[in-house]
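Participant: This is the structure I want to talk about, given as structure tokens.
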Amino acid sequence: MVATFVGVSAAAIWTGEIFQTIYYSVLALAVGAGLLILYRLSPFHPLYNFPGPILLRVSEIPMLYYALKGTRHVAVKRLHDQYGRVVRTGPNTLSFLSLPAITRIYGSSNALDKTTAYDVHSMNEEGLFFIKDKATHARRRRIWNRAFSEEALSQYHGPLVTEIQNLIRTLLQRTRDHGDVDLVRIFPQYTYDTTNTLFFSGNVWHPSLLDTDDREQIVDEASTFFKTSECLGHIEPLFHIVNLIPNLTNFLRLEVISREAASRRLKNGPSFKDGMSYWLEGDGVNMPLEDLGIEAESVLIGASDTVAAASTFLMCFLMAHEKWLVLLRDELDEAFEDAVIHRLNSLDKLVVLNAVIQETLRLGTPMPGFPRVVPDEGIVLDGKYVPSGSVVNVPIWAHHVDEEIFTDATTFDPGRWIEDGKFVAKTAILSFGAGPFNCVGSKLAYLQLRTLTAMLLLNLEFIPTADFDAVKFRDGVRNTRATSFIEPLKVRVVPRKPVAVAI
Ligand code: HEM
């Protein structure tokens, strides 16, 4: 009897202690969170004087919501419309919409460092996109630059044209099989194939994604990676916790694919002087072999979705603005009336082509911006002191549709880039970033966009399906590091007179 009494009593005491522990822990957390919120709103917070909505001043969660939805670029633009040129977009984050801020944050020789948002990867080696230290980055960048020299770009001409010819064949085949073809689906297949060919001599996957309609769902794997790292980049310590839990790291499969890409290409060798050949040659300093996997990831991330999204926007704009489609096609028909593109470099001179591409990049870069961290001594931005450790950012999309910089800013008007019959890129756009961390592959991106647009429009006619609605399509644009489209962009493709390319 006594034993039972004592046993029950001990259990009760134990249960009571657990309850008390939980109670006091929750209470302590609630008090801690309350104090943190009060501090973030108080004049003691170093960013107190910067305007912004209360919810964003106290927590990262509202911006995380927009990041998850893929509409952060729109949310930040609205905040600038409401609060002005500088907005507090998070407890510790400021967004600056101004030209001097672009120069100070990204462009100058003392450009600011990348934040820990770039640490969202599980590889221990060093890859260009992820390197934060400026001196280490500059050394690695010299090696990468060689893969985009004039000599290197000319090596890519032939393989690039072959990829586009395969795209043209597949567009016609899918139209024959299904009555129409979705450009949102087919363009990433083509760009991932092109990266595979130009950088790894086609060793990453075979047959091509176009030939299998991406049976292995490589494009989806990459897009899951982008979405997850965009969200975890907001609360980067969470990534390191997630990374410890095996089944939660499936989104990192792109890293496995990247390692395999590098090792297969190393084992099989190149079929022409591909991008990896330039990495292996080095530039005074050698690329460490163990870094090839993460560098492969840098190029797979950097080169494929970006070019696919720009190509999709370009076709959508042309179908929605027939005047520019006709002007561009006339320019191409006249330039290549003998049905041969003699040199790809001749495309650099075409005024309407280049204006259409520049305008596409202006309106077709729905990026919220790239975060940088303020150094120990703090900095002055737009006449305001910004304390050490703050995260600052220029919103690319909001900059591109800023009425103070571009008249009639939301209208697709390639004419804004043409002066006295010449293409003039007179106003800077941020599609490729700026400064030491800007896009290393921009020259290749322009080469790809010029060649693709010219070859598609010369060889094919694109007829949008009856349900084509440019406004609905634009409303379905999302950006989670990479750009994605909720709506399909369906077209029927009809052959025109075939045009050859002489390399
Ligand atoms: C339309 C196409 C493209 C767009 C809009 C684009 C955009 C950008 C932007 C904005 C950045 C800076 C990102 C940051 O600061 O965090 C960047 C970096 C980068 N891009 Fe591109 N890119 C394009 C095509 C390419 C291509 C074709 C390649 C390679 C073949 C490439 C490889 C890279 C790499 C490796 C970086 C990191 C550079 C560094 O940290 O030094 N991109 N890109």
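In the structure tokens, the first chain shown is A, the next is B, and so on; residue numbers restart at 1 for each chain, and ligands run from 1 in the order shown.
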May I have the residues within 6 Å of ligand 1, computed using only C-alpha atoms and all ligand atoms, as a PyMOL selection string?

Facilitator: chain A and resi 128-129+141+298-299+302-303+306-307+310+370+431-433+437-442+444-445

Participant: In stretch 288-406 of chain A, what's helix (DSSP H, G or I) per DSSP? Answer as a PyMOL selection string?

Facilitator: chain A and resi 289-303+305-320+322-335+344-349+351-363+396-400

Participant: Show me, as a PDB file with C-alpha atoms, in the first residue's frame, the residues that have an atom within 10 Å of A:Pro159 when counting only C-alpha atoms, minus same-chain residues fewer than 6 positions from it.

Facilitator:
ATOM      1  CA  GLN A 165      19.217  22.935 -84.588  1.00  0.00           C
ATOM      2  CA  THR A 194      23.572  23.542 -74.073  1.00  0.00           C
ATOM      3  CA  THR A 197      27.564  20.456 -74.194  1.00  0.00           C
ATOM      4  CA  LEU A 198      29.504  23.731 -73.916  1.00  0.00           C
ATOM      5  CA  SER A 201      31.276  18.021 -73.857  1.00  0.00           C
ATOM      6  CA  PHE A 272      36.180  19.972 -78.423  1.00  0.00           C
ATOM      7  CA  ASP A 274      34.906  23.038 -73.921  1.00  0.00           C
TER       8      ASP A 274
END

Participant: With only C-alpha atoms counted and 12 Å as the cut-off, give the residues of stretch 455-477 of chain A in contact with stretch 497-500 of chain A, each with its shortest interatomic distance in Å and the pair that gives it, as CSV.

Facilitator:
residue,atom,partner,partner_atom,distance
A:Met455,CA,A:Val499,CA,7.5
A:Leu456,CA,A:Val499,CA,9.7
A:Leu457,CA,A:Val499,CA,10.0
A:Leu458,CA,A:Val499,CA,6.5
A:Asn459,CA,A:Pro498,CA,5.2
A:Leu460,CA,A:Lys497,CA,8.0
A:Glu461,CA,A:Lys497,CA,10.0

Participant: Grab the residues selected above and save them as a PDB file, in the first residue's frame with N, CA and C atoms.

Facilitator:
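Final output, saved to again_30.pdb:
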ATOM      1  N   MET A 455      18.179  32.364 -85.175  1.00  0.00           N
ATOM      2  CA  MET A 455      17.916  31.075 -85.834  1.00  0.00           C
ATOM      3  C   MET A 455      16.439  30.686 -85.716  1.00  0.00           C
ATOM      4  N   LEU A 456      15.819  30.947 -84.562  1.00  0.00           N
ATOM      5  CA  LEU A 456      14.399  30.571 -84.423  1.00  0.00           C
ATOM      6  C   LEU A 456      13.531  31.378 -85.372  1.00  0.00           C
ATOM      7  N   LEU A 457      13.759  32.705 -85.413  1.00  0.00           N
ATOM      8  CA  LEU A 457      12.860  33.532 -86.226  1.00  0.00           C
ATOM      9  C   LEU A 457      13.109  33.363 -87.724  1.00  0.00           C
ATOM     10  N   LEU A 458      14.344  33.050 -88.101  1.00  0.00           N
ATOM     11  CA  LEU A 458      14.610  32.831 -89.531  1.00  0.00           C
ATOM     12  C   LEU A 458      14.022  31.506 -89.993  1.00  0.00           C
ATOM     13  N   ASN A 459      14.092  30.493 -89.148  1.00  0.00           N
ATOM     14  CA  ASN A 459      13.684  29.147 -89.570  1.00  0.00           C
ATOM     15  C   ASN A 459      12.214  28.820 -89.323  1.00  0.00           C
ATOM     16  N   LEU A 460      11.615  29.517 -88.344  1.00  0.00           N
ATOM     17  CA  LEU A 460      10.273  29.099 -87.906  1.00  0.00           C
ATOM     18  C   LEU A 460       9.328  30.283 -87.764  1.00  0.00           C
ATOM     19  N   GLU A 461       8.051  29.949 -87.872  1.00  0.00           N
ATOM     20  CA  GLU A 461       7.030  30.921 -87.509  1.00  0.00           C
ATOM     21  C   GLU A 461       6.381  30.424 -86.226  1.00  0.00           C
TER      22      GLU A 461
END

Participant: Among stretch 287-433 of chain A, which residues does DSSP mark as strand (DSSP E) when it is run on the backbone? Keep the chain and numbering as in the structure and answer as a ChimeraX atom specification.

Facilitator: /A:340-341,372-373,379-381,384-386,391-393,418-419,422-423

Participant: Store the residues picked out above, limited to N, CA, C and O atoms, as a PDB file, in the first residue's frame.

Facilitator:
ATOM      1  N   VAL A 340      21.998  32.110 -95.380  1.00  0.00           N
ATOM      2  CA  VAL A 340      23.149  31.602 -94.618  1.00  0.00           C
ATOM      3  C   VAL A 340      23.581  32.676 -93.616  1.00  0.00           C
ATOM      4  O   VAL A 340      23.736  33.845 -93.973  1.00  0.00           O
ATOM      5  N   ILE A 341      23.718  32.272 -92.332  1.00  0.00           N
ATOM      6  CA  ILE A 341      24.364  33.178 -91.374  1.00  0.00           C
ATOM      7  C   ILE A 341      25.857  32.871 -91.479  1.00  0.00           C
ATOM      8  O   ILE A 341      26.307  31.784 -91.123  1.00  0.00           O
ATOM      9  N   ARG A 372      24.162  42.063 -49.695  1.00  0.00           N
ATOM     10  CA  ARG A 372      25.565  42.332 -49.329  1.00  0.00           C
ATOM     11  C   ARG A 372      25.603  42.830 -47.886  1.00  0.00           C
ATOM     12  O   ARG A 372      24.646  43.439 -47.404  1.00  0.00           O
ATOM     13  N   VAL A 373      26.752  42.600 -47.226  1.00  0.00           N
ATOM     14  CA  VAL A 373      26.830  42.931 -45.808  1.00  0.00           C
ATOM     15  C   VAL A 373      27.718  44.164 -45.584  1.00  0.00           C
ATOM     16  O   VAL A 373      28.755  44.319 -46.247  1.00  0.00           O
ATOM     17  N   ILE A 379      28.899  52.203 -43.434  1.00  0.00           N
ATOM     18  CA  ILE A 379      29.082  52.978 -44.673  1.00  0.00           C
ATOM     19  C   ILE A 379      27.997  54.046 -44.753  1.00  0.00           C
ATOM     20  O   ILE A 379      26.995  53.976 -44.041  1.00  0.00           O
ATOM     21  N   VAL A 380      28.231  55.013 -45.660  1.00  0.00           N
ATOM     22  CA  VAL A 380      27.189  56.020 -45.906  1.00  0.00           C
ATOM     23  C   VAL A 380      26.588  55.711 -47.271  1.00  0.00           C
ATOM     24  O   VAL A 380      27.294  55.599 -48.265  1.00  0.00           O
ATOM     25  N   LEU A 381      25.276  55.519 -47.282  1.00  0.00           N
ATOM     26  CA  LEU A 381      24.581  55.239 -48.539  1.00  0.00           C
ATOM     27  C   LEU A 381      23.478  56.277 -48.717  1.00  0.00           C
ATOM     28  O   LEU A 381      22.671  56.471 -47.789  1.00  0.00           O
ATOM     29  N   LYS A 384      22.963  58.518 -45.884  1.00  0.00           N
ATOM     30  CA  LYS A 384      22.541  57.991 -44.580  1.00  0.00           C
ATOM     31  C   LYS A 384      23.576  56.990 -44.078  1.00  0.00           C
ATOM     32  O   LYS A 384      24.022  56.131 -44.844  1.00  0.00           O
ATOM     33  N   TYR A 385      23.880  57.088 -42.782  1.00  0.00           N
ATOM     34  CA  TYR A 385      24.850  56.153 -42.212  1.00  0.00           C
ATOM     35  C   TYR A 385      24.176  54.789 -42.006  1.00  0.00           C
ATOM     36  O   TYR A 385      23.100  54.688 -41.412  1.00  0.00           O
ATOM     37  N   VAL A 386      24.826  53.748 -42.521  1.00  0.00           N
ATOM     38  CA  VAL A 386      24.286  52.388 -42.339  1.00  0.00           C
ATOM     39  C   VAL A 386      25.290  51.613 -41.483  1.00  0.00           C
ATOM     40  O   VAL A 386      26.459  51.477 -41.854  1.00  0.00           O
ATOM     41  N   VAL A 391      22.358  44.216 -43.610  1.00  0.00           N
ATOM     42  CA  VAL A 391      22.347  43.625 -44.954  1.00  0.00           C
ATOM     43  C   VAL A 391      21.693  44.633 -45.891  1.00  0.00           C
ATOM     44  O   VAL A 391      20.608  45.143 -45.594  1.00  0.00           O
ATOM     45  N   VAL A 392      22.399  44.960 -46.998  1.00  0.00           N
ATOM     46  CA  VAL A 392      21.846  45.945 -47.938  1.00  0.00           C
ATOM     47  C   VAL A 392      21.726  45.330 -49.327  1.00  0.00           C
ATOM     48  O   VAL A 392      22.410  44.362 -49.660  1.00  0.00           O
ATOM     49  N   ASN A 393      20.880  45.961 -50.140  1.00  0.00           N
ATOM     50  CA  ASN A 393      20.472  45.315 -51.361  1.00  0.00           C
ATOM     51  C   ASN A 393      19.899  46.364 -52.316  1.00  0.00           C
ATOM     52  O   ASN A 393      19.263  47.302 -51.859  1.00  0.00           O
ATOM     53  N   ILE A 418      17.466  52.447 -79.191  1.00  0.00           N
ATOM     54  CA  ILE A 418      17.940  52.778 -80.546  1.00  0.00           C
ATOM     55  C   ILE A 418      18.044  54.296 -80.688  1.00  0.00           C
ATOM     56  O   ILE A 418      17.092  55.017 -80.393  1.00  0.00           O
ATOM     57  N   GLU A 419      19.207  54.776 -81.132  1.00  0.00           N
ATOM     58  CA  GLU A 419      19.417  56.223 -81.342  1.00  0.00           C
ATOM     59  C   GLU A 419      20.108  56.415 -82.671  1.00  0.00           C
ATOM     60  O   GLU A 419      21.156  55.794 -82.920  1.00  0.00           O
ATOM     61  N   LYS A 422      21.145  53.405 -84.464  1.00  0.00           N
ATOM     62  CA  LYS A 422      22.174  52.535 -83.848  1.00  0.00           C
ATOM     63  C   LYS A 422      21.674  52.008 -82.511  1.00  0.00           C
ATOM     64  O   LYS A 422      20.921  52.693 -81.815  1.00  0.00           O
ATOM     65  N   PHE A 423      22.137  50.796 -82.149  1.00  0.00           N
ATOM     66  CA  PHE A 423      21.827  50.257 -80.823  1.00  0.00           C
ATOM     67  C   PHE A 423      22.740  50.922 -79.802  1.00  0.00           C
ATOM     68  O   PHE A 423      23.961  50.905 -79.955  1.00  0.00           O
TER      69      PHE A 423
END

Participant: For the atom pair atom CA of A:Val87 and atom CA of A:Phe50, what is the interatomic distance in Å to one decimal place?

Facilitator: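 Interatomic distance here is 6.4 Å.
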
Participant: Which residues are near A:Ile143? Cut-off 10 Å, only C-alpha atoms, ignore same chain within fewer than 2 positions. Put them as a PDB file with N, CA, C and O atoms, in the first residue's frame.

Facilitator:
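Heads up, here's the output in part_27.pdb:
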ATOM      1  N   LEU A 128      33.058  29.389 -57.597  1.00  0.00           N
ATOM      2  CA  LEU A 128      33.009  30.837 -57.840  1.00  0.00           C
ATOM      3  C   LEU A 128      31.774  31.513 -57.252  1.00  0.00           C
ATOM      4  O   LEU A 128      31.872  32.514 -56.552  1.00  0.00           O
ATOM      5  N   ALA A 138      38.656  36.691 -56.531  1.00  0.00           N
ATOM      6  CA  ALA A 138      39.316  37.298 -57.695  1.00  0.00           C
ATOM      7  C   ALA A 138      40.260  36.297 -58.364  1.00  0.00           C
ATOM      8  O   ALA A 138      40.351  36.235 -59.595  1.00  0.00           O
ATOM      9  N   ARG A 139      40.966  35.490 -57.531  1.00  0.00           N
ATOM     10  CA  ARG A 139      41.892  34.487 -58.105  1.00  0.00           C
ATOM     11  C   ARG A 139      41.115  33.463 -58.921  1.00  0.00           C
ATOM     12  O   ARG A 139      41.483  33.117 -60.034  1.00  0.00           O
ATOM     13  N   ARG A 140      39.992  32.982 -58.355  1.00  0.00           N
ATOM     14  CA  ARG A 140      39.190  31.965 -59.058  1.00  0.00           C
ATOM     15  C   ARG A 140      38.539  32.553 -60.311  1.00  0.00           C
ATOM     16  O   ARG A 140      38.417  31.922 -61.341  1.00  0.00           O
ATOM     17  N   ARG A 141      38.169  33.806 -60.205  1.00  0.00           N
ATOM     18  CA  ARG A 141      37.486  34.462 -61.319  1.00  0.00           C
ATOM     19  C   ARG A 141      38.403  34.568 -62.543  1.00  0.00           C
ATOM     20  O   ARG A 141      37.950  34.492 -63.674  1.00  0.00           O
ATOM     21  N   ASN A 145      37.330  33.532 -66.193  1.00  0.00           N
ATOM     22  CA  ASN A 145      37.281  34.503 -67.302  1.00  0.00           C
ATOM     23  C   ASN A 145      37.809  33.912 -68.599  1.00  0.00           C
ATOM     24  O   ASN A 145      37.351  34.254 -69.687  1.00  0.00           O
ATOM     25  N   ARG A 146      38.782  33.020 -68.495  1.00  0.00           N
ATOM     26  CA  ARG A 146      39.372  32.433 -69.705  1.00  0.00           C
ATOM     27  C   ARG A 146      38.335  31.636 -70.488  1.00  0.00           C
ATOM     28  O   ARG A 146      38.401  31.553 -71.706  1.00  0.00           O
ATOM     29  N   ALA A 147      37.357  31.076 -69.784  1.00  0.00           N
ATOM     30  CA  ALA A 147      36.326  30.284 -70.477  1.00  0.00           C
ATOM     31  C   ALA A 147      35.332  31.171 -71.230  1.00  0.00           C
ATOM     32  O   ALA A 147      34.422  30.667 -71.901  1.00  0.00           O
ATOM     33  N   PHE A 148      35.479  32.520 -71.104  1.00  0.00           N
ATOM     34  CA  PHE A 148      34.579  33.435 -71.822  1.00  0.00           C
ATOM     35  C   PHE A 148      35.365  34.443 -72.656  1.00  0.00           C
ATOM     36  O   PHE A 148      34.845  35.489 -73.030  1.00  0.00           O
ATOM     37  N   TYR A 278      39.139  25.041 -70.269  1.00  0.00           N
ATOM     38  CA  TYR A 278      39.744  26.301 -69.826  1.00  0.00           C
ATOM     39  C   TYR A 278      39.963  26.296 -68.321  1.00  0.00           C
ATOM     40  O   TYR A 278      40.968  26.804 -67.836  1.00  0.00           O
ATOM     41  N   TRP A 279      39.015  25.710 -67.575  1.00  0.00           N
ATOM     42  CA  TRP A 279      39.225  25.599 -66.118  1.00  0.00           C
ATOM     43  C   TRP A 279      40.505  24.812 -65.842  1.00  0.00           C
ATOM     44  O   TRP A 279      41.295  25.179 -64.986  1.00  0.00           O
ATOM     45  N   LEU A 280      40.663  23.702 -66.584  1.00  0.00           N
ATOM     46  CA  LEU A 280      41.797  22.817 -66.297  1.00  0.00           C
ATOM     47  C   LEU A 280      43.127  23.455 -66.699  1.00  0.00           C
ATOM     48  O   LEU A 280      44.156  23.191 -66.093  1.00  0.00           O
ATOM     49  N   GLU A 281      43.081  24.322 -67.739  1.00  0.00           N
ATOM     50  CA  GLU A 281      44.319  25.023 -68.130  1.00  0.00           C
ATOM     51  C   GLU A 281      44.760  25.989 -67.046  1.00  0.00           C
ATOM     52  O   GLU A 281      45.939  26.254 -66.881  1.00  0.00           O
ATOM     53  N   GLY A 282      43.768  26.565 -66.319  1.00  0.00           N
ATOM     54  CA  GLY A 282      44.086  27.532 -65.270  1.00  0.00           C
ATOM     55  C   GLY A 282      44.561  28.850 -65.850  1.00  0.00           C
ATOM     56  O   GLY A 282      44.504  29.071 -67.067  1.00  0.00           O
ATOM     57  N   ASP A 283      45.035  29.724 -64.972  1.00  0.00           N
ATOM     58  CA  ASP A 283      45.515  31.030 -65.428  1.00  0.00           C
ATOM     59  C   ASP A 283      46.621  31.457 -64.479  1.00  0.00           C
ATOM     60  O   ASP A 283      46.418  32.257 -63.589  1.00  0.00           O
ATOM     61  N   GLY A 284      47.783  30.877 -64.660  1.00  0.00           N
ATOM     62  CA  GLY A 284      48.858  31.115 -63.686  1.00  0.00           C
ATOM     63  C   GLY A 284      48.620  30.262 -62.449  1.00  0.00           C
ATOM     64  O   GLY A 284      49.477  29.515 -62.024  1.00  0.00           O
ATOM     65  N   VAL A 285      47.409  30.339 -61.903  1.00  0.00           N
ATOM     66  CA  VAL A 285      47.050  29.434 -60.793  1.00  0.00           C
ATOM     67  C   VAL A 285      46.169  28.319 -61.360  1.00  0.00           C
ATOM     68  O   VAL A 285      45.434  28.533 -62.325  1.00  0.00           O
ATOM     69  N   ASN A 286      46.244  27.144 -60.760  1.00  0.00           N
ATOM     70  CA  ASN A 286      45.439  26.024 -61.245  1.00  0.00           C
ATOM     71  C   ASN A 286      44.127  25.917 -60.494  1.00  0.00           C
ATOM     72  O   ASN A 286      44.038  26.295 -59.337  1.00  0.00           O
ATOM     73  N   MET A 287      43.124  25.381 -61.165  1.00  0.00           N
ATOM     74  CA  MET A 287      41.854  25.078 -60.498  1.00  0.00           C
ATOM     75  C   MET A 287      42.058  23.753 -59.744  1.00  0.00           C
ATOM     76  O   MET A 287      42.372  22.734 -60.368  1.00  0.00           O
TER      77      MET A 287
END

Participant: Quick one: residues within 12 Å of A:Gly179, only C-alpha atoms, excluding same-chain residues fewer than 6 positions away - as number ranges by chain?

Facilitator: A: 171-173, 463-465, 490-494

Participant: Counting only C-alpha atoms, which of A:Leu350, A:Val204, A:Leu29, A:Ile218 gets nearest to A:Arg265?

Facilitator: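 Closest candidate: A:Val204.
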